[in-house]
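Here is the structure we will look at, set down as C-alpha cells.
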Amino acid sequence: MKSNSFLFPLPCLLSFLLLACQQPGISIQAGPHDLLFEDLPHSWDEGLPLGNGFMGALIWEKEDHLRFSLDRIDLWDLRPMRGLDLATYNFQWVQQQWQQDTYEEVQKRLDHPYDREAGPTKIPGAALEFDISQLGVIQSAHLSVEHAVCEIKWKNGPQLQSFLHANVPVGWFRFSGVPDDFEPILVPPIYQDTSQRAEETNPVTGQSLLRLGYAQGNLFQKRNSITYVQEGWGGFWYQVHVTWQRTSDEVIGLWSISSHHPDQQQKQEAEEIVLQELTKGFDTSFSEHQDWWQSFWEHSTVRLPDSLLERQWYLEMYKFGSVSRNSSPPISLQTVWTADNGRIPPWKGDLHHDLNTQMSYWPAYSSNHLDHAESFVNWMWDHRETFKSYTQTYYGTKGLNVPGVSTQAGQPMGGWIQYSLGPTVSAWLAQHFYLQWQYSRDRDFLEEKAYPWIKDVAIHLDELSIRTKNGQRSLPLSSSPEIYDNSPKAWFAEMTNFDLALIRWTFQTAAELAIEIGEQEEAEQWTNILAEWPEYAIDESGLLFAPGLPYDESHRHFSHLMAIHPLGLIDVSHGVKDKEIIQHTIATLDAHGSDAWIGFSFAWLGNLKARALDGEGAAKALRIFAEAFCLPNSFHVNGDQSGKGYSNYTYRPFTLEGNFAFAAGIQEMLLQSHAGHIAIFPAIPNDWQEVSFSQLRAQGAFLVSAKRTEGQLGSVEILAEKGGKLQVKNSFADGKFQTDHPYTVVESNIIEMDLEEGEKVLLSR
C-alpha cells in the first residue's frame, strides 16, 4: 500500500494550473424539479445529493460547518461472515431442524451472525468541512437536477458551486466571496476512540464503526492539499485526497477517493486522479459533466398535470443517474450515500435481493436507460462462479442460485435465512436478464448471458424439487418474504405463491428463450417440468400467501402477488379470470389497510394498480409515497414522516429501492408492453387531460413518444430500433387514427405493422 508517495508539483505550479483554467463561472437557473431550500439541511440523510455511479457526496450543515459527506461505492469491508458455516449447516440440515422442532439451532447458526458481527459491511469514506460561521445567513441551497450541480448562496454575497463529475471520479467545489483563511478540513471517520464504547446495536440503526477494529488512518497535510489513507480488513485500503487554491476572491478545489482491494486490479490513487483532472480546470470539467447529463435527460422525458408526481419522477431519475453506470457495481441499499453518523450504514449497506436490488432497476427499462441496468446483470454474470459454488455448498445442486443478502463480492451474509439464503432468489434476479433482452433485442446478450443464466436457474430448481404424494413437484421448504419474519412458521411445507410464481416464471421463460435460439429439445424439457408444478393458491380474496394462509392482516411485503407484478404471469390482458384475481387481490390489500406498510409498499402498490389499469389508484399510492415516505431531499426513509397515519412505522432508515419503484410506477401508468403489445396511457387518471412522454422504451426495442390533449390521445410516434413486428393497442377516440404506414387490425383492436430497423411511424388523431 502506498501512503502519500505521489508528490504534487510545487505550490506555485498548482496555483498556475488552477488560475490558468479559471473562467468567469457557471450560471445555473432553478428549474421546476429542483431541490431548493431557504436553509441548509442539518442531517446527513437530508443532504443535497451528488453522485456519478462510483462516488457520492451529501452536502449539509453540521455545527456551523458546511459538510460534504464523501463516499465511494466499493468501500467495503469484505471479511467473511464469522460463524456462517454453510457447508455444515446447509439446506438439508435446516430441513431436519425444522422437522424436529429444533429451529432455534438454525437461528443461532445462520441468522444471528448477521446481527452479531460488524462485518462484512459497506463503510463510509470521509468528510470535507468548511467553517461557514463567518459567512452569515443562508439565502438559498439549490440542487439542479438538470445539471447535477449544488449551489449555495449567502445573503452577504458568498457563494458555492459544486459538482461531482459525471464520468470521472472527482468532485469540484468553487467558493467565492469568502475570507482569506477559508479552506477545507478533511474529517476522517472515527475507527478508534477510547472515550466511546463500541456497543452492539440493531443493524437497522447501524452499529458503531469502532466495532470494525481498524487502526485509525493517517492524515498528510501540505500547504494546499490533504491526503487521508485508511487501512481496512484483509489488505483493503482507501485514499481520500483534496487539493485547493486561493485566487483573488475564490477558493477552488477538487477531491477524489480511490479504493484498493488486494485481489482486484490495481487502481489509480485518488491523488493521481486529482492531479490529472486538475489540468482541465473547473469550467472545462463542468462542460464535460454537463454534456453527460444532457445526454442522460435526452433519453426520456415525461410531462404530467400532477406537478408533485412529475417532480418526484425527475428527482428519482436524477438519483438513478447518480448511482448507476454500465460499469459500476450494483445499487446497494444506500449505494454512494453511506451514513455519515459514525456508524455502519443501516442493514450494513448490503445487497438485499429479496426486493431491494430488483426494485432499484425497475425504472431502467422503460425509461430508456438500458446501459444503467446493464451494470446489474453484468455484476451477476461476473460472479456466477461464486454463486454456483454457494449453490453447490448450501443446496447441493448444480445450476445457480444467489445469496439473498450478499456482499459486493457476491458472498453470503446470512440473516433471516428464508430470504437471505432463499431457494428462488436467482429466479427473481433472472427476470432482469430477461428484461434486458426484451427491451434491447440484443441477440448476442440473449444467447451468451440471458438464456444461460435462466437455464442454470432452471437446473437448480429442477434438482432441488421433490415429489409430493399426488405426484406434483414442490420445494422441500418454501417461504414468502417477509411473512412470519424468521420464525419456524416462515417455512411452509406446501408451496407459497411467491416461490411458485418465480419457479413457474423460470421454466416458462426458459422454454420461451430456448425456442428463440432454436433449442427445441430443451424447450420441451422446460415445458414438461413446468406442467408438473401446482397452480397458485387462490380463493375469493385473491392470491394467498400459501394454501390456507390468506392475506388477512396488513403486511409490508407483497410477496404473494409476484405473479401479477413484476412477473406478469397473471395479467388483465389474459381475460376475465385473471382480471378478477387481480381485482380481488388488490381489493384485499386495500381492505386490510396500510398500518404495517412502509415506503416501498406504496411504490409497489402504484405499479400493481397501474397493471390493473387503475390510474386513479396508482396516482394516489404514488402520491402518498412522495408526500409521506420521503425526506425533503426526496430520499425514501421507509417510515411515515407525515404524521398522517399512513403507517405505524415512523422510523427513518434511508434506502433507495422505494424511490426507484416510484419512478417505475409512473412509467407503468404511461406505457406498458409486457403483454406482447404496446399500450399507450393504459393507467392514468381520467382528469389527466394533458399528458405526454418522449422516448420511453417498450419491449421489442421500440422507442415511443405520445401526447394526450383535451382528454384524448393525440399522437404516437414509434421508432423501431431493431425492426420487426409492432403491435399497438388502438387507444384513439372511436378507434379513428391516421398513418402513412401499412397496417392490419388484429384481435382485441391491436394495430399491427412490420417495421424495418431504424424505421419510424407516426399515428395521429
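Chain lettering (A, B, ...) mirrors the order of the C-alpha cells, residue numbering begins at 1 for each chain separately, and ligand numbering begins at 1 in order of display.
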
Wanna dump the stretch 326-402 of chain A-stretch 688-701 of chain A contacts at 9 Å for me, each residue with its shortest atom pair and the distance in Å to one decimal, counting only C-alpha atoms, ordered by chain and number, as CSV?
```
residue,atom,partner,partner_atom,distance
A:Tyr365,CA,A:Arg697,CA,6.7
A:Ser366,CA,A:Arg697,CA,4.4
A:Ser367,CA,A:Leu696,CA,5.1
A:Asn368,CA,A:Arg697,CA,5.1
A:His369,CA,A:Arg697,CA,8.7
```

### Task
Extract, using only C-alpha atoms, all DNA, RNA and protein residues at most 7 Å from A:Leu143, discarding same-chain residues fewer than 6 positions from it, and format them as a VMD selection string.
chain A and resid 34 to 36 48 149 to 151

Set the distance at 7 Å and use only C-alpha atoms: which residues neighbour A:Asp754 once local chain neighbours fewer than 2 positions away are removed? I'd like the list as a CSV table (one decimal) with all heavy atoms, in the first residue's frame.
```csv
chain,number,residue,atom,x,y,z
A,724,GLY,N,-39.0,-5.2,-36.9
A,724,GLY,CA,-39.8,-6.4,-36.5
A,724,GLY,C,-41.3,-6.0,-36.5
A,724,GLY,O,-41.7,-5.0,-37.0
A,725,LYS,N,-42.0,-6.9,-35.9
A,725,LYS,CA,-43.5,-6.8,-35.9
A,725,LYS,C,-43.9,-5.9,-34.7
A,725,LYS,O,-43.5,-6.2,-33.5
A,725,LYS,CB,-44.2,-8.1,-35.8
A,725,LYS,CG,-45.7,-8.1,-35.9
A,725,LYS,CD,-46.3,-9.5,-36.0
A,725,LYS,CE,-45.8,-10.2,-37.2
A,725,LYS,NZ,-46.3,-9.6,-38.5
A,726,LEU,N,-44.6,-4.8,-35.0
A,726,LEU,CA,-45.1,-3.9,-34.0
A,726,LEU,C,-46.5,-4.1,-33.8
A,726,LEU,O,-47.3,-4.2,-34.7
A,726,LEU,CB,-44.8,-2.5,-34.4
A,726,LEU,CG,-45.5,-1.4,-33.6
A,726,LEU,CD1,-44.9,-1.2,-32.2
A,726,LEU,CD2,-45.4,0.0,-34.4
A,756,GLU,N,-39.0,-1.9,-40.5
A,756,GLU,CA,-37.6,-2.1,-40.7
A,756,GLU,C,-36.8,-1.5,-39.6
A,756,GLU,O,-37.2,-0.7,-38.8
A,756,GLU,CB,-37.1,-1.5,-42.0
A,756,GLU,CG,-37.9,-2.0,-43.3
A,756,GLU,CD,-37.6,-3.5,-43.5
A,756,GLU,OE1,-36.4,-3.9,-43.2
A,756,GLU,OE2,-38.4,-4.2,-44.0
```

### Message
I'd like to know which residues of stretch 708-757 of chain A are strand (DSSP E or B) (by DSSP, run on the backbone); could you write them as number ranges by chain?
### Response
A: 708-709, 712-720, 724-729, 738, 744-746, 750-755

Only N, CA and C atoms, please: the residues just picked out, written as a short mmCIF file (atom, residue, chain, number, x, y, z; two decimals), in the first residue's frame.
```
data_model
loop_
_atom_site.label_atom_id
_atom_site.label_comp_id
_atom_site.auth_asym_id
_atom_site.auth_seq_id
_atom_site.Cartn_x
_atom_site.Cartn_y
_atom_site.Cartn_z
N ARG A 708 -51.26 13.30 -25.14
CA ARG A 708 -52.71 13.31 -24.89
C ARG A 708 -53.12 14.76 -24.68
N THR A 709 -54.05 15.24 -25.45
CA THR A 709 -54.52 16.62 -25.35
C THR A 709 -56.04 16.63 -25.28
N GLN A 712 -57.84 13.32 -24.89
CA GLN A 712 -57.81 12.30 -25.93
C GLN A 712 -56.39 12.09 -26.43
N LEU A 713 -56.11 10.84 -26.82
CA LEU A 713 -54.82 10.54 -27.41
C LEU A 713 -54.68 11.31 -28.72
N GLY A 714 -53.61 12.11 -28.80
CA GLY A 714 -53.43 12.95 -29.98
C GLY A 714 -52.48 12.34 -31.00
N SER A 715 -51.34 11.81 -30.53
CA SER A 715 -50.36 11.26 -31.46
C SER A 715 -49.46 10.26 -30.77
N VAL A 716 -48.96 9.33 -31.55
CA VAL A 716 -47.99 8.34 -31.09
C VAL A 716 -46.92 8.20 -32.15
N GLU A 717 -45.67 8.37 -31.74
CA GLU A 717 -44.54 8.19 -32.65
C GLU A 717 -43.69 7.05 -32.13
N ILE A 718 -43.37 6.09 -33.01
CA ILE A 718 -42.64 4.90 -32.60
C ILE A 718 -41.45 4.68 -33.53
N LEU A 719 -40.28 4.51 -32.92
CA LEU A 719 -39.06 4.19 -33.65
C LEU A 719 -38.71 2.73 -33.38
N ALA A 720 -38.55 1.97 -34.45
CA ALA A 720 -38.17 0.56 -34.33
C ALA A 720 -36.65 0.45 -34.33
N GLY A 724 -38.97 -5.24 -36.89
CA GLY A 724 -39.78 -6.38 -36.52
C GLY A 724 -41.25 -6.04 -36.48
N LYS A 725 -42.04 -6.94 -35.91
CA LYS A 725 -43.49 -6.78 -35.86
C LYS A 725 -43.87 -5.91 -34.68
N LEU A 726 -44.58 -4.83 -34.99
CA LEU A 726 -45.06 -3.90 -33.98
C LEU A 726 -46.55 -4.12 -33.76
N GLN A 727 -46.94 -4.22 -32.49
CA GLN A 727 -48.35 -4.30 -32.14
C GLN A 727 -48.66 -3.23 -31.12
N VAL A 728 -49.64 -2.39 -31.44
CA VAL A 728 -50.04 -1.28 -30.58
C VAL A 728 -51.54 -1.33 -30.36
N LYS A 729 -51.95 -1.23 -29.10
CA LYS A 729 -53.37 -1.17 -28.82
C LYS A 729 -53.94 0.16 -29.30
N GLN A 738 -54.91 8.11 -38.14
CA GLN A 738 -54.33 8.13 -39.47
C GLN A 738 -52.84 7.85 -39.39
N THR A 744 -52.49 -3.69 -40.27
CA THR A 744 -53.69 -4.51 -40.15
C THR A 744 -54.18 -4.39 -38.72
N VAL A 745 -55.45 -4.72 -38.51
CA VAL A 745 -56.03 -4.72 -37.17
C VAL A 745 -56.33 -6.16 -36.80
N VAL A 746 -55.73 -6.62 -35.70
CA VAL A 746 -55.92 -8.00 -35.27
C VAL A 746 -56.81 -7.99 -34.03
N ILE A 750 -55.93 -4.47 -31.87
CA ILE A 750 -54.49 -4.25 -31.89
C ILE A 750 -54.07 -3.88 -33.31
N ILE A 751 -53.36 -2.76 -33.44
CA ILE A 751 -52.80 -2.33 -34.72
C ILE A 751 -51.47 -3.05 -34.92
N GLU A 752 -51.30 -3.68 -36.05
CA GLU A 752 -50.09 -4.47 -36.31
C GLU A 752 -49.39 -3.94 -37.55
N MET A 753 -48.08 -3.76 -37.46
CA MET A 753 -47.25 -3.26 -38.55
C MET A 753 -45.93 -4.03 -38.59
N ASP A 754 -45.35 -4.13 -39.75
CA ASP A 754 -44.00 -4.65 -39.91
C ASP A 754 -43.07 -3.48 -40.19
N LEU A 755 -42.04 -3.31 -39.34
CA LEU A 755 -41.14 -2.17 -39.47
C LEU A 755 -39.71 -2.65 -39.71
#
```

#### Entry: Distance query stretch 202-213 of chain A at most 12 Å, only C-alpha atoms, self and fewer than 5 positions along chain excluded, as number ranges by chain
A: 76-79, 112-125, 188-197, 231-234, 333, 338-350, 415, 637-638, 651-655

Export of the given selection (C-alpha atoms) as a short mmCIF file (atom, residue, chain, number, x, y, z; two decimals), in the first residue's frame:
```cif
data_model
loop_
_atom_site.label_atom_id
_atom_site.label_comp_id
_atom_site.auth_asym_id
_atom_site.auth_seq_id
_atom_site.Cartn_x
_atom_site.Cartn_y
_atom_site.Cartn_z
CA TRP A 76 -16.34 -2.46 1.50
CA ASP A 77 -15.11 -4.49 4.42
CA LEU A 78 -15.26 -7.94 2.79
CA ARG A 79 -14.32 -10.13 5.75
CA HIS A 112 -27.60 -14.49 14.46
CA PRO A 113 -24.18 -13.85 12.87
CA TYR A 114 -25.66 -11.04 10.77
CA ASP A 115 -26.78 -9.18 13.89
CA ARG A 116 -23.75 -10.10 15.98
CA GLU A 117 -20.90 -9.34 13.60
CA ALA A 118 -19.89 -5.88 12.43
CA GLY A 119 -18.64 -7.10 9.06
CA PRO A 120 -18.79 -7.67 6.21
CA THR A 121 -20.26 -4.25 5.55
CA LYS A 122 -20.23 -1.14 3.43
CA ILE A 123 -18.22 1.63 5.11
CA PRO A 124 -18.17 5.45 4.71
CA GLY A 125 -15.32 7.44 3.18
CA PRO A 188 -11.92 11.04 8.66
CA PRO A 189 -14.35 8.53 10.15
CA ILE A 190 -13.54 7.61 13.74
CA TYR A 191 -12.39 4.00 13.96
CA GLN A 192 -10.56 4.35 17.29
CA ASP A 193 -11.88 6.36 20.25
CA THR A 194 -11.20 5.31 23.85
CA SER A 195 -13.94 7.68 25.09
CA GLN A 196 -16.62 5.74 23.22
CA ARG A 197 -17.93 2.24 23.66
CA GLU A 231 -6.37 0.59 6.10
CA GLY A 232 -9.29 -1.79 6.48
CA TRP A 233 -9.71 -5.55 6.68
CA GLY A 234 -7.57 -8.08 4.84
CA LEU A 333 -29.29 -0.12 -0.07
CA THR A 338 -23.44 5.84 3.09
CA ALA A 339 -24.50 7.09 6.51
CA ASP A 340 -22.30 9.87 7.91
CA ASN A 341 -23.11 9.46 11.60
CA GLY A 342 -20.19 7.46 12.96
CA ARG A 343 -22.00 4.21 12.32
CA ILE A 344 -22.11 1.33 9.91
CA PRO A 345 -25.00 2.04 7.50
CA PRO A 346 -28.49 0.60 8.05
CA TRP A 347 -28.54 -3.13 7.23
CA LYS A 348 -24.77 -2.82 6.60
CA GLY A 349 -25.47 -1.08 3.28
CA ASP A 350 -25.52 -4.52 1.68
CA GLY A 415 -29.63 -13.09 8.30
CA VAL A 637 -36.79 6.53 4.50
CA ASN A 638 -39.13 3.55 4.91
CA TYR A 651 -38.61 5.23 11.66
CA ARG A 652 -36.25 6.66 9.03
CA PRO A 653 -33.54 4.31 7.77
CA PHE A 654 -32.72 5.57 4.28
CA THR A 655 -32.81 3.09 1.38
#
```

### Message
Can you tell me, as an NGL selection string, which residues in stretch 303-426 of chain A count as helix (DSSP H, G or I) by DSSP?
### Response
:A and (307-323 or 346-349 or 356-360 or 362-366 or 370-382 or 384-395 or 417-420 or 425-426)

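Using only C-alpha atoms, the nearest neighbour of A:Leu309 within the list A:Pro41, A:Gly177, A:Pro476, A:Gly665 is A:Gly665.
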
### Message
Applying 6 Å and only C-alpha atoms, which residues near A:Ser647 remain after dropping the ones on its own chain fewer than 2 positions away? List them as a list in words.
### Response
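Near neighbours after the sequence-gap exclusion: Ser594, Asp595, Ala596, Trp597, Asp640, Gly645 and Tyr649 of chain A.
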
### Message
Excluding A:Glu310 and its own-chain neighbours fewer than 3 positions away, which residues fall within 12 Å of it when counting only C-alpha atoms? Please give them as a PyMOL selection string.
### Response
chain A and resi 32-34+301-307+313-317+619+622-623+626+662-663+665-667+691-693

### Query
For A:Ser559, which residue out of A:Ile459, A:Ile598, A:Leu355, A:Ala612 is the nearest one, using only C-alpha atoms?
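Looking at the shortest contact to A:Ser559, the residue is A:Leu355.
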
#### Entry: Among listed residues A:Gly615, A:Ser162, A:Asp249, A:Val425, nearest A:Asp687 (using only C-alpha atoms)
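Between A:Gly615, A:Ser162, A:Asp249, A:Val425, the residue approaching A:Asp687 most closely is A:Gly615.
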
### Task
For stretch 130-134 of chain A, work out the shell of residues within 12 Å, counting only C-alpha atoms and skipping chain neighbours fewer than 4 positions away, then give it as a ChimeraX atom specification.
/A:40,59-69,138,152-160,173-175,177-187,251

Same residues, C-alpha atoms, saved as a tab-separated table (two decimals), in the first residue's frame:
```tsv
chain	number	residue	atom	x	y	z
A	40	LEU	CA	-29.05	24.15	4.69
A	59	ILE	CA	-23.92	18.45	1.30
A	60	TRP	CA	-25.35	19.67	4.62
A	61	GLU	CA	-24.53	21.73	7.71
A	62	LYS	CA	-23.05	20.29	10.90
A	63	GLU	CA	-22.26	22.60	13.81
A	64	ASP	CA	-21.57	25.76	11.79
A	65	HIS	CA	-19.58	23.81	9.21
A	66	LEU	CA	-20.64	23.07	5.67
A	67	ARG	CA	-20.06	19.34	5.37
A	68	PHE	CA	-19.52	17.20	2.28
A	69	SER	CA	-20.10	13.55	3.26
A	138	ILE	CA	-28.03	31.44	4.09
A	152	ILE	CA	-25.42	27.62	-2.10
A	153	LYS	CA	-25.74	31.38	-1.65
A	154	TRP	CA	-25.31	33.52	1.44
A	155	LYS	CA	-27.10	36.84	1.87
A	156	ASN	CA	-23.78	38.64	2.41
A	157	GLY	CA	-22.55	37.58	-1.04
A	158	PRO	CA	-20.51	34.35	-0.63
A	159	GLN	CA	-21.44	31.54	-2.96
A	160	LEU	CA	-20.61	27.86	-3.53
A	173	PHE	CA	-16.02	22.98	-5.36
A	174	ARG	CA	-15.76	26.71	-6.01
A	175	PHE	CA	-16.35	29.27	-3.26
A	177	GLY	CA	-16.58	35.93	-1.58
A	178	VAL	CA	-15.07	34.03	1.35
A	179	PRO	CA	-12.45	35.14	3.94
A	180	ASP	CA	-8.72	34.86	3.27
A	181	ASP	CA	-8.28	31.93	5.68
A	182	PHE	CA	-11.17	29.92	4.22
A	183	GLU	CA	-10.08	26.40	3.31
A	184	PRO	CA	-11.30	22.80	3.61
A	185	ILE	CA	-10.81	20.46	6.54
A	186	LEU	CA	-10.68	16.72	5.87
A	187	VAL	CA	-12.53	14.81	8.60
A	251	VAL	CA	-11.26	29.10	-3.25
```

### Query
What does the distance between atom CA of A:Asp85 and atom CA of A:Pro330 come to in Å, to one decimal place?
25.9 Å

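The nearest approach to A:Tyr89 among the residues A:Thr393, A:Thr588, A:Gln276, A:Gln358, with only C-alpha atoms taken into account, belongs to A:Thr393.
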
### Query
Quick one, how far is atom CA of A:Ser731 from atom CA of A:Gly617?
20.3 Å

### Message
For a test of reading the model, state the distance in Å between atom CA of A:Gln266 and atom CA of A:Leu254, rounded to one decimal.
### Response
22.4 Å
